[in-house]
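Undergrad: Quick one: this structure, given as structure tokens, is what I'll be asking you about.
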Amino acid sequence: MADPTTATDVPVDSCPLDFDHTDPLAAQDIYGLLSTERERCPVLHGSGHGGFWALSRFADVTRAANDHEHFTTRQGVTVPALGLPVGSVPLTTDPPEHKHYRRALQPFFTPTAVAALGPAIREVVIDRVEAFAGRGQADLIEEIAGPVPCIVIALLLGLDRDKWTDFMEWVDGMESASHVGDTETRAHYAAKLYDFLVAEVEQRKSEPRDDLLTTIAQATSEEAEFSDVIRYGMAQLILVAGHDTTVAGIGSMLRHLMENPDLRTRVRSDPELLGRAIEESLRFESPVFGLARTVTEDVEVSGTELQPGDKVLLMYGSANHDPRRFPDPEVFDADRTDRPPHIAFGFGRHRCIGEHLARLEMRIVAEELLARVPDYRLAPGATIEMRTALVRGPRALPVVWDVP
């Protein structure tokens with residue numbers, strides 16, 4: 001296998017494709033498209049969303065992700081812009097202050113801290129599954145993949161868990177509006193989110209609780225400023241990124257188990273295999289398709305000259321299908337022996353702080369669903385449509401199963 005840290009520069013004299021990861025048609029077979037373009041045009045260009053470049057190779061993506069001197073997060077990390085009310089801290093910060101903001105959140109996301117949430121998460125999952133297990137049919141996105149991450153994040157932050165439908169409405173509304181350039185609708189949902197977060201953070205200042213929002217509201221550091229805007233941004237990051245991507249990750253995992261019945265049977269009695277299946281699902285259909293950077297200094301990537309101000313999409317999903325890194329990348333195989341680490345959770349200092357929580361939620365959902373609904377299959381006549389843009393996963397997963 002080729003060294004993933006190196007890439008041969010390919011002079012780009014003709015890249016006819018006008019790339020758009022938000023195109024609903026392209027999204028359905030995005031990796032088929034990229035498997036061709038990755039070779040002839042490793043740095044794609046899109047004229048939409050204000051114009052941007054997109055890196056498709058593992059080596060280029062990881063190098064840029066760890067190079068804050070040429071690629072900054074300070075000017076936003078999404079193409080198109082989601083119109084979030086404030087920057088999502090620490091994701092939209094660079095060194096030196098980045099580490100101080102991340103350090104404030106880290107104690108809630110260590111493997112030990114996440115494991116302690118296991119019983120509460122399992123209770124949530126069991127409640128959701130038992131509500132539909134006797135029906136013989138369900139949309140697994142609507143019934144479990146959607147609600148569980150939202151409820152878990154609410155519990156972690158210390159929010160009213162019954163408001164999870166509001167969180168989903170606001171985030172989905174901003175995302176959908178941004179894809180079509182509807183700035184008025186995008187601003188409407190952004191304002192709802194902002195007003196809610198401000199009220200919750202301010203309440204924790206005077207009425208502290210044993211939750212993550214209180215830690216955010218009271219965090220201080222001699223090395224970095226913790227202004228109110230910073231605090232709102234930290235709460236926003238956890239609420240927005242903490243549920244939407246996990247919804248997609250759970251949905252794709254359930255799809256892969258459905259499409260591989262033998263694997264689905266085997267993982268019920270093999271926890272190690274389930275772990276490998278989760279990792280393969282994350283690689284094969286990365287929940288975060290990509291995040292953006294802004295170029296700060298002239299830099300060349302695989303033969304393409306990038307200039308200050310250019311927006312660059314780091315396509316984690318494409319990198320996880322790069323044959324230079326992953327043997328037979330277009331094959332979903334939980335039993336593969338050559339398993340180099342994927343970058344579904346990003347790479348470098350901005351690697352997702354909630355990766356352990358996401359994995360635990362995926363595992364518990366699989367365990368409890370398969371314990372009660374082991375033989376689910378796609379509903380007759382149904383097709384699976386994938387979400388577009390930065391977060392990828394099934395929009396719906398209508399299934400049926402035999403009820404005793």
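Identifiers for the structure tokens are assigned positionally: chains receive A, B, ... in sequence, residues are indexed from 1 per chain, and ligands are indexed from 1 in the order shown.
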Which polymer residues have any atom within 6 Å of an atom of region 288-301 of chain A, counting only C-alpha atoms, with same-chain residues fewer than 5 positions away left out, as a list in words?
TA: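 That gives His70, Phe71, Thr72, Thr73, Val77, Thr78, Leu306, Gln307, Pro308, Gly309, Asp310, Lys311, Val312, Leu313, Leu314, Met315, Tyr316, Gly317, Leu390 and Val391 of chain A.
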Undergrad: Choose the residue, out of A:Asp23, A:Asp139, A:Glu272, A:Glu305, that has the smallest atom-to-atom separation from Val400 (chain A); count only C-alpha atoms.
TA: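 Smallest distance to Val400 (chain A) is found for A:Asp139.
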Undergrad: Counting only C-alpha atoms, what are the residues of region 37-116 of chain A within 10 Å of region 327-343 of chain A, and for each of them which pair of atoms is the nearest and at what distance in Å, to one decimal? Sort the table by chain and rising number, as CSV.
TA:
```
residue,atom,partner,partner_atom,distance
A:Phe58,CA,A:Ile343,CA,8.8
A:Val61,CA,A:Ile343,CA,9.5
A:Thr62,CA,A:Ile343,CA,8.4
```
Undergrad: Pull the helix (DSSP H, G or I) assignments for region 224-363 of chain A out of DSSP run on the backbone, and list those residues as a PyMOL selection string.
TA: chain A and resi 228-259+261-267+271-284+316-319+348-350+355-363
Undergrad: Taking 6 positions as the minimum chain separation for residues in the same chain, which residues sit within 6 Å of region 39-53 of chain A when counting only C-alpha atoms? Answer as a list in words.
TA: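 Once the nearby chain positions are removed, what remains is Cys15, Asp18, Phe19, Asp20, Pro80, Lys311 and Val312 of chain A.
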Undergrad: May I have the residues within 9 Å of Ser35 (chain A) as a PyMOL selection string, using only C-alpha atoms and disregarding those fewer than 6 positions away in the same chain?
TA: chain A and resi 318+321-323+330
Undergrad: Given the choices A:Leu263, A:Ala396, A:Ala190, A:Cys150, which gets closest to Gly87 (chain A) if the distance is worked out from only C-alpha atoms?
TA: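 Of all the options, A:Ala190 lies closest to Gly87 (chain A).
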Undergrad: For CA of Ala27 (chain A) and CA of Pro398 (chain A), determine how far apart the two atoms are, in Å to one decimal place.
TA: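 Distance reported for this atom pair: 19.4 Å.
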